[in-house]
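Report on one structure; see the data block that follows.
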Amino acid sequence: MRLRPGSDPSAESKPSTIRAWRNRNFRLYLIGQSVSQIGNWFQQTAEVWLILLLTDSGTAVGIQTALRFGPLLLFGIPAGYLTDRVDRRLLLFGTQVVYILSAGAIAITSFTGTVNLPLVYATAFSRGIVNAIDNPLRRGFVRDLVTDDELTNAVSLNSTMHTIARFIGPALAGSLIVALGVSWCFTLNTVSYTAVLFSLFLIDPTKMRPGHYEKEGGRQVFAGLGYAWANRRIRRTLAMVTVFGLFVVNWDVVLPLYATEEWAGNASLYGFFVSTIGVGSFIGALVVLRVTRISGAFFRWIGGVMSAGFAVLALTPLLPIAFLGLAIVGAMATSFQIFAQSRLQLEAEDRLSGRVLALYSIALVGMRPIGAPIMGFLVDGLGSRVALGFSAIVVALMVITLLLTRLPRGAADTTPIPRDVVRDAEDADVDETVPIGPTAERRP
């Protein structure tokens, strides 16, 4: 167990839903990110609505998603290597400055009335290039700020913050769009990035986890791929996250037309749909906060309930039931992401953590350029209900595959794994639990 300088071992051993919050560096970072994420949801909601105003096309929204996340798919692996070689705090300063310039450009053009679809696509692509670095960078930076015992709680608190932002941001953005238009959403997002810069400035680098920055040549760029493949637990987790990234988190392509075509709504209803997912995500994150042991069965149960939530959305004729389905999907989606990210961060060696998290970001976010056009095509050709039903079927098939391929009870994973930290626990995909957080036991 790693402790921060001056920390109290007895205090570190006490489980708490706010364990990582007591870490000053993490607390500062979380506050800055919370402001920025609310602004980010302002922009995401406004940008999708702006594209619909310009084109009235789900496929056009899917193309924007592909441009925004495509660079992560293309450059995620070398970006992960970069985060293993460079001081992550300094690199975060750089990415936030570029975000400010990109968001400011679309804010100015929307105010002056010169905004058009090619410009929206260009700014989305520019943010996508920065996001290829920033996405795994932010995940790895959380690890730098906390100890191993605080890590799972830090991931949960970070996810809780994101879900609160998802709840607040789209609802406020939808109302703001109706009242004042999309321009102010872009402007507020531009300003919000300064909160991250301020928090990074206040963080004390001497209290962070010591860096293990690689200095080898270019061949090390792809070392994370071999490492992830050799570890059955990491390999299966990344496979699940890939399915999730392709066919689950692309609801921003489906929900705008689900709101307008199925329920005759406007931007406000779409904003409340996204916020309802945020409410469910918040509930899911709260439940996970005190979890100290991950079981392979958790992923199967989460997938099964999530599939049922999508089925409800596809079939219900009642708007209140649709809101319930959205809350279920949000709760299960967040629980899944917390468990998956915690498993990967605890499993990976420090020197390869950036590359493993880059693979996670590619699987979760980088797959969206492939999944979003597929979902957009389904929405335009067959309707939003069919697209949601398709997500339900895919997740159900993933759960069945997990059941059929899990190891028998008591069977150990004998694959040789090149790591310097090995737990006594057997493979997490067996119906046995693997300790995480304060109760985790490790041996050299």
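By convention in this document, the chains of the structure tokens carry letters A, B, ... by their order, each chain's residues are numbered from 1, and ligands are numbered from 1 in the order they are shown.
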Determine, for each residue of region 259-347 of chain A having at least one atom at most 12 Å from an atom of region 34-57 of chain A, the closest pair of atoms and their separation in Å to one decimal, counting only C-alpha atoms; order by chain and ascending number, as CSV.
```
residue,atom,partner,partner_atom,distance
A:Ala259,CA,A:Trp49,CA,11.7
A:Thr260,CA,A:Asp56,CA,10.6
A:Glu261,CA,A:Asp56,CA,11.3
A:Asn266,CA,A:Trp49,CA,9.6
A:Ala267,CA,A:Trp49,CA,7.0
A:Ser268,CA,A:Thr45,CA,10.2
A:Leu269,CA,A:Thr45,CA,11.6
A:Tyr270,CA,A:Thr45,CA,8.7
A:Gly271,CA,A:Thr45,CA,7.2
A:Phe272,CA,A:Thr45,CA,10.8
A:Phe273,CA,A:Thr45,CA,11.2
A:Val274,CA,A:Thr45,CA,8.9
A:Ser275,CA,A:Trp41,CA,10.1
A:Gly278,CA,A:Trp41,CA,11.1
```
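When only C-alpha atoms are used to measure the gap to Arg89 (chain A), the shortest distance among A:Val305, A:Met208, A:Ala311, A:Val178 belongs to A:Met208.
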Set the distance at 9 Å and use only C-alpha atoms: which residues neighbour region 104-116 of chain A once local chain neighbours fewer than 3 positions away are removed? I'd like the list as a PDB file with N, CA and C atoms, in the first residue's frame.
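Okay, this is what ended up in out-v4.pdb:
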```pdb
ATOM      1  N   ILE A  51     -26.450  21.375 -35.007  1.00  0.00           N
ATOM      2  CA  ILE A  51     -26.361  20.544 -36.206  1.00  0.00           C
ATOM      3  C   ILE A  51     -27.751  20.135 -36.685  1.00  0.00           C
ATOM      4  N   LEU A  54     -29.283  22.956 -38.471  1.00  0.00           N
ATOM      5  CA  LEU A  54     -28.687  23.165 -39.792  1.00  0.00           C
ATOM      6  C   LEU A  54     -29.046  22.075 -40.788  1.00  0.00           C
ATOM      7  N   TYR A  99      -8.178  23.772 -25.727  1.00  0.00           N
ATOM      8  CA  TYR A  99      -9.642  23.686 -25.618  1.00  0.00           C
ATOM      9  C   TYR A  99     -10.274  25.079 -25.589  1.00  0.00           C
ATOM     10  N   ILE A 100      -9.647  25.986 -24.843  1.00  0.00           N
ATOM     11  CA  ILE A 100     -10.182  27.349 -24.747  1.00  0.00           C
ATOM     12  C   ILE A 100     -10.223  28.001 -26.127  1.00  0.00           C
ATOM     13  N   LEU A 101      -9.160  27.848 -26.892  1.00  0.00           N
ATOM     14  CA  LEU A 101      -9.105  28.448 -28.227  1.00  0.00           C
ATOM     15  C   LEU A 101     -10.157  27.849 -29.153  1.00  0.00           C
ATOM     16  N   LEU A 119     -17.744  24.489 -40.422  1.00  0.00           N
ATOM     17  CA  LEU A 119     -17.035  25.089 -39.297  1.00  0.00           C
ATOM     18  C   LEU A 119     -17.282  24.297 -38.013  1.00  0.00           C
ATOM     19  N   VAL A 120     -18.518  23.861 -37.810  1.00  0.00           N
ATOM     20  CA  VAL A 120     -18.822  23.035 -36.638  1.00  0.00           C
ATOM     21  C   VAL A 120     -18.021  21.740 -36.684  1.00  0.00           C
ATOM     22  N   TYR A 121     -17.963  21.135 -37.862  1.00  0.00           N
ATOM     23  CA  TYR A 121     -17.182  19.910 -38.008  1.00  0.00           C
ATOM     24  C   TYR A 121     -15.692  20.164 -37.767  1.00  0.00           C
ATOM     25  N   THR A 123     -14.224  22.512 -35.870  1.00  0.00           N
ATOM     26  CA  THR A 123     -13.927  22.715 -34.451  1.00  0.00           C
ATOM     27  C   THR A 123     -14.089  21.415 -33.672  1.00  0.00           C
ATOM     28  N   VAL A 182     -27.974  29.134 -28.909  1.00  0.00           N
ATOM     29  CA  VAL A 182     -26.838  28.254 -28.635  1.00  0.00           C
ATOM     30  C   VAL A 182     -25.556  29.016 -28.311  1.00  0.00           C
ATOM     31  N   SER A 183     -25.466  30.290 -28.701  1.00  0.00           N
ATOM     32  CA  SER A 183     -24.203  31.018 -28.595  1.00  0.00           C
ATOM     33  C   SER A 183     -23.685  31.097 -27.166  1.00  0.00           C
ATOM     34  N   TRP A 184     -24.592  31.330 -26.222  1.00  0.00           N
ATOM     35  CA  TRP A 184     -24.157  31.483 -24.833  1.00  0.00           C
ATOM     36  C   TRP A 184     -23.646  30.164 -24.254  1.00  0.00           C
ATOM     37  N   CYS A 185     -24.132  29.035 -24.740  1.00  0.00           N
ATOM     38  CA  CYS A 185     -23.627  27.741 -24.280  1.00  0.00           C
ATOM     39  C   CYS A 185     -22.156  27.576 -24.645  1.00  0.00           C
ATOM     40  N   PHE A 186     -21.800  27.946 -25.863  1.00  0.00           N
ATOM     41  CA  PHE A 186     -20.406  27.859 -26.293  1.00  0.00           C
ATOM     42  C   PHE A 186     -19.524  28.820 -25.497  1.00  0.00           C
ATOM     43  N   THR A 187     -20.054  29.995 -25.207  1.00  0.00           N
ATOM     44  CA  THR A 187     -19.283  30.983 -24.453  1.00  0.00           C
ATOM     45  C   THR A 187     -19.006  30.518 -23.034  1.00  0.00           C
ATOM     46  N   LEU A 188     -20.019  29.987 -22.370  1.00  0.00           N
ATOM     47  CA  LEU A 188     -19.839  29.518 -20.995  1.00  0.00           C
ATOM     48  C   LEU A 188     -18.852  28.362 -20.932  1.00  0.00           C
ATOM     49  N   ASN A 189     -18.851  27.504 -21.942  1.00  0.00           N
ATOM     50  CA  ASN A 189     -17.882  26.417 -21.962  1.00  0.00           C
ATOM     51  C   ASN A 189     -16.452  26.953 -22.091  1.00  0.00           C
ATOM     52  N   THR A 190     -16.281  27.977 -22.917  1.00  0.00           N
ATOM     53  CA  THR A 190     -14.954  28.574 -23.079  1.00  0.00           C
ATOM     54  C   THR A 190     -14.419  29.083 -21.738  1.00  0.00           C
ATOM     55  N   VAL A 191     -15.268  29.743 -20.982  1.00  0.00           N
ATOM     56  CA  VAL A 191     -14.854  30.300 -19.690  1.00  0.00           C
ATOM     57  C   VAL A 191     -14.576  29.197 -18.678  1.00  0.00           C
TER      58      VAL A 191
END
```
Determine, using only C-alpha atoms, which residues of region 213-320 of chain A have any atom at most 7 Å from an atom of region 355-374 of chain A, and tabulate each with its shortest atom pair and distance in Å to one decimal place, rows ordered by chain and then rising number, as a tab-separated table.
```
residue	atom	partner	partner_atom	distance
A:Gly224	CA	A:Arg355	CA	5.2
A:Ala228	CA	A:Val356	CA	6.8
A:Leu238	CA	A:Tyr360	CA	6.2
A:Val241	CA	A:Leu364	CA	5.6
A:Thr242	CA	A:Ala363	CA	4.3
A:Phe244	CA	A:Leu364	CA	6.6
A:Gly245	CA	A:Leu364	CA	4.2
A:Leu246	CA	A:Gly371	CA	4.3
A:Phe247	CA	A:Gly371	CA	5.9
A:Asn250	CA	A:Ala372	CA	5.8
A:Val253	CA	A:Ala372	CA	6.6
```
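Take CA of Gly181 (chain A) and CA of Ala60 (chain A): the distance between them is 20.1 Å.
All residues of protein, DNA or RNA that reach within 6 Å of region 326-343 of chain A, judged by only C-alpha atoms and not counting those fewer than 5 positions away in the chain, are Thr152, Thr276, Ile277, Gly280, Ser281, Gly284, Ile302, Met306 and Gly309 of chain A.
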Query raised in the report: Among region 195-377 of chain A, which residues carry a DSSP assignment of alpha helix (DSSP H), reported as an MDAnalysis selection string?
Result: chainID A and resid 195:202 223:230 232:247 251:257 267:288 296:315 319:347 353:361 368:377
